[in-house]
Amino acid sequence: MRYKIIAALLLAFATGWLAQTVLAHSREDANRVFEWRIYTVLPGRMDAMNARFKNHTNALLTKHHMTLLGFWQPQGEENSRKLYYLIAHQSRKEAEANWKAFVADPDWIKARDASEKDGKIVEKVERIWLDPTEYSMMK
């Protein structure tokens with residue numbers, strides 16, 4: 001009987017702890033801000049752009065607390081010139097700190113310089129800040 005009581009107490013504790021952890025994580029995610037980035041790539045440089053993200057940039061973005069959500073290229077003619085990606089930050093203030101640390105990272109500078117030995121890659125970067133709606137599946 002004593003073991004059943006102890007097991008019930010442990011189960012109640014674990015269930016409460018799990019619920020509290022999930023709720024805290026949900027609250028934290030509810031304050032996230034999303035950053036939609038659109039890169040216009042110089043003609044003929046999309047392979048270099050994709051290689052840089054795949055081999056270096058993604059790991060460095062993650063290192064600097066950015067949550068990578070997806071990368072896309074449009075269909076049709078724009079495919080060779082546009083790269084779209086979506087990342088999440090815990091807040092707009094943290095996003096600015098994340099980017100500041102990223103651009104100063106010696107590993108990023110080395111990767112950028114190596115990838116641009118044959119010329120610049122990016123012509124233009126557009127950035128759009130997004131807040132989820134109350135009915136968004138992603139917060």
# chains A, B, ... in the order shown; residues from 1 in each chain; ligands from 1

call {"tool": "residues_around", "arguments": {"residues": "Leu130 of chain A", "least_positions_apart": "3", "cutoff": "9 Å", "atoms": "only C-alpha atoms", "output": "PyMOL selection string"}}
result
chain A and resi 33-36

call {"tool": "residues_around", "arguments": {"residues": "segment 54-60 of chain A", "least_positions_apart": "3", "cutoff": "7 Å", "atoms": "only C-alpha atoms", "output": "ChimeraX atom specification"}}
result
/A:50-51,63-64,108,111

call {"tool": "residues_around", "arguments": {"residues": "Arg112 of chain A", "least_positions_apart": "6", "cutoff": "12 Å", "atoms": "only C-alpha atoms", "output": "PyMOL selection string"}}
result
chain A and resi 48-49+51-53+55-57+60+102-106+118-122

call {"tool": "closest_residue", "arguments": {"among": "A:Leu61, A:Val125, A:Leu83, A:Ala88", "to": "Arg45 of chain A", "atoms": "only C-alpha atoms"}}
result
A:Leu83

call {"tool": "residues_around", "arguments": {"residues": "His65 of chain A", "least_positions_apart": "5", "cutoff": "10 Å", "atoms": "only C-alpha atoms", "output": "list of chain:residue names"}}
result
A:Leu60, A:Ala88, A:His89, A:Gln90, A:Glu94, A:Ala95, A:Ala97, A:Asn98, A:Trp99, A:Ala101, A:Phe102

call {"tool": "decode", "arguments": {"residues": "segment 46-72 of chain A", "atoms": "N, CA and C atoms", "output": "tab-separated table (two decimals), in the first residue's frame"}}
result
chain	number	residue	atom	x	y	z
A	46	MET	N	23.73	31.75	-57.04
A	46	MET	CA	22.82	31.02	-56.15
A	46	MET	C	23.46	29.74	-55.61
A	47	ASP	N	24.26	29.04	-56.41
A	47	ASP	CA	24.91	27.83	-55.90
A	47	ASP	C	25.83	28.18	-54.72
A	48	ALA	N	26.56	29.28	-54.84
A	48	ALA	CA	27.44	29.72	-53.75
A	48	ALA	C	26.61	30.11	-52.52
A	49	MET	N	25.46	30.75	-52.75
A	49	MET	CA	24.59	31.15	-51.63
A	49	MET	C	24.08	29.92	-50.90
A	50	ASN	N	23.57	28.95	-51.64
A	50	ASN	CA	23.04	27.73	-51.02
A	50	ASN	C	24.14	26.95	-50.30
A	51	ALA	N	25.32	26.88	-50.89
A	51	ALA	CA	26.44	26.18	-50.25
A	51	ALA	C	26.83	26.87	-48.94
A	52	ARG	N	26.84	28.18	-48.95
A	52	ARG	CA	27.23	28.91	-47.74
A	52	ARG	C	26.23	28.66	-46.61
A	53	PHE	N	24.94	28.69	-46.91
A	53	PHE	CA	23.94	28.40	-45.88
A	53	PHE	C	24.08	26.95	-45.40
A	54	LYS	N	24.13	26.03	-46.33
A	54	LYS	CA	24.17	24.60	-45.99
A	54	LYS	C	25.41	24.25	-45.18
A	55	ASN	N	26.55	24.77	-45.56
A	55	ASN	CA	27.82	24.36	-44.96
A	55	ASN	C	28.28	25.21	-43.78
A	56	HIS	N	27.75	26.43	-43.64
A	56	HIS	CA	28.27	27.32	-42.61
A	56	HIS	C	27.19	28.13	-41.88
A	57	THR	N	26.42	28.87	-42.65
A	57	THR	CA	25.53	29.87	-42.05
A	57	THR	C	24.49	29.27	-41.12
A	58	ASN	N	23.86	28.17	-41.51
A	58	ASN	CA	22.81	27.60	-40.65
A	58	ASN	C	23.34	27.26	-39.26
A	59	ALA	N	24.50	26.64	-39.20
A	59	ALA	CA	25.08	26.29	-37.89
A	59	ALA	C	25.40	27.55	-37.09
A	60	LEU	N	25.87	28.59	-37.75
A	60	LEU	CA	26.20	29.83	-37.05
A	60	LEU	C	24.95	30.57	-36.58
A	61	LEU	N	23.89	30.55	-37.38
A	61	LEU	CA	22.63	31.17	-36.94
A	61	LEU	C	22.11	30.46	-35.69
A	62	THR	N	22.15	29.14	-35.71
A	62	THR	CA	21.72	28.36	-34.55
A	62	THR	C	22.61	28.66	-33.34
A	63	LYS	N	23.90	28.74	-33.56
A	63	LYS	CA	24.85	29.07	-32.49
A	63	LYS	C	24.47	30.38	-31.80
A	64	HIS	N	23.94	31.31	-32.58
A	64	HIS	CA	23.59	32.64	-32.06
A	64	HIS	C	22.10	32.74	-31.73
A	65	HIS	N	21.50	31.62	-31.33
A	65	HIS	CA	20.16	31.55	-30.74
A	65	HIS	C	19.03	31.92	-31.69
A	66	MET	N	19.23	31.68	-32.97
A	66	MET	CA	18.16	31.91	-33.94
A	66	MET	C	17.56	30.55	-34.28
A	67	THR	N	16.23	30.47	-34.27
A	67	THR	CA	15.54	29.23	-34.58
A	67	THR	C	15.19	29.24	-36.07
A	68	LEU	N	15.78	28.32	-36.81
A	68	LEU	CA	15.56	28.23	-38.25
A	68	LEU	C	14.27	27.48	-38.51
A	69	LEU	N	13.37	28.10	-39.25
A	69	LEU	CA	12.06	27.50	-39.51
A	69	LEU	C	11.88	27.01	-40.94
A	70	GLY	N	12.59	27.60	-41.87
A	70	GLY	CA	12.46	27.13	-43.25
A	70	GLY	C	13.16	28.03	-44.24
A	71	PHE	N	13.50	27.44	-45.38
A	71	PHE	CA	14.17	28.13	-46.48
A	71	PHE	C	13.43	27.77	-47.76
A	72	TRP	N	13.26	28.75	-48.63
A	72	TRP	CA	12.53	28.52	-49.87
A	72	TRP	C	13.16	29.30	-51.03
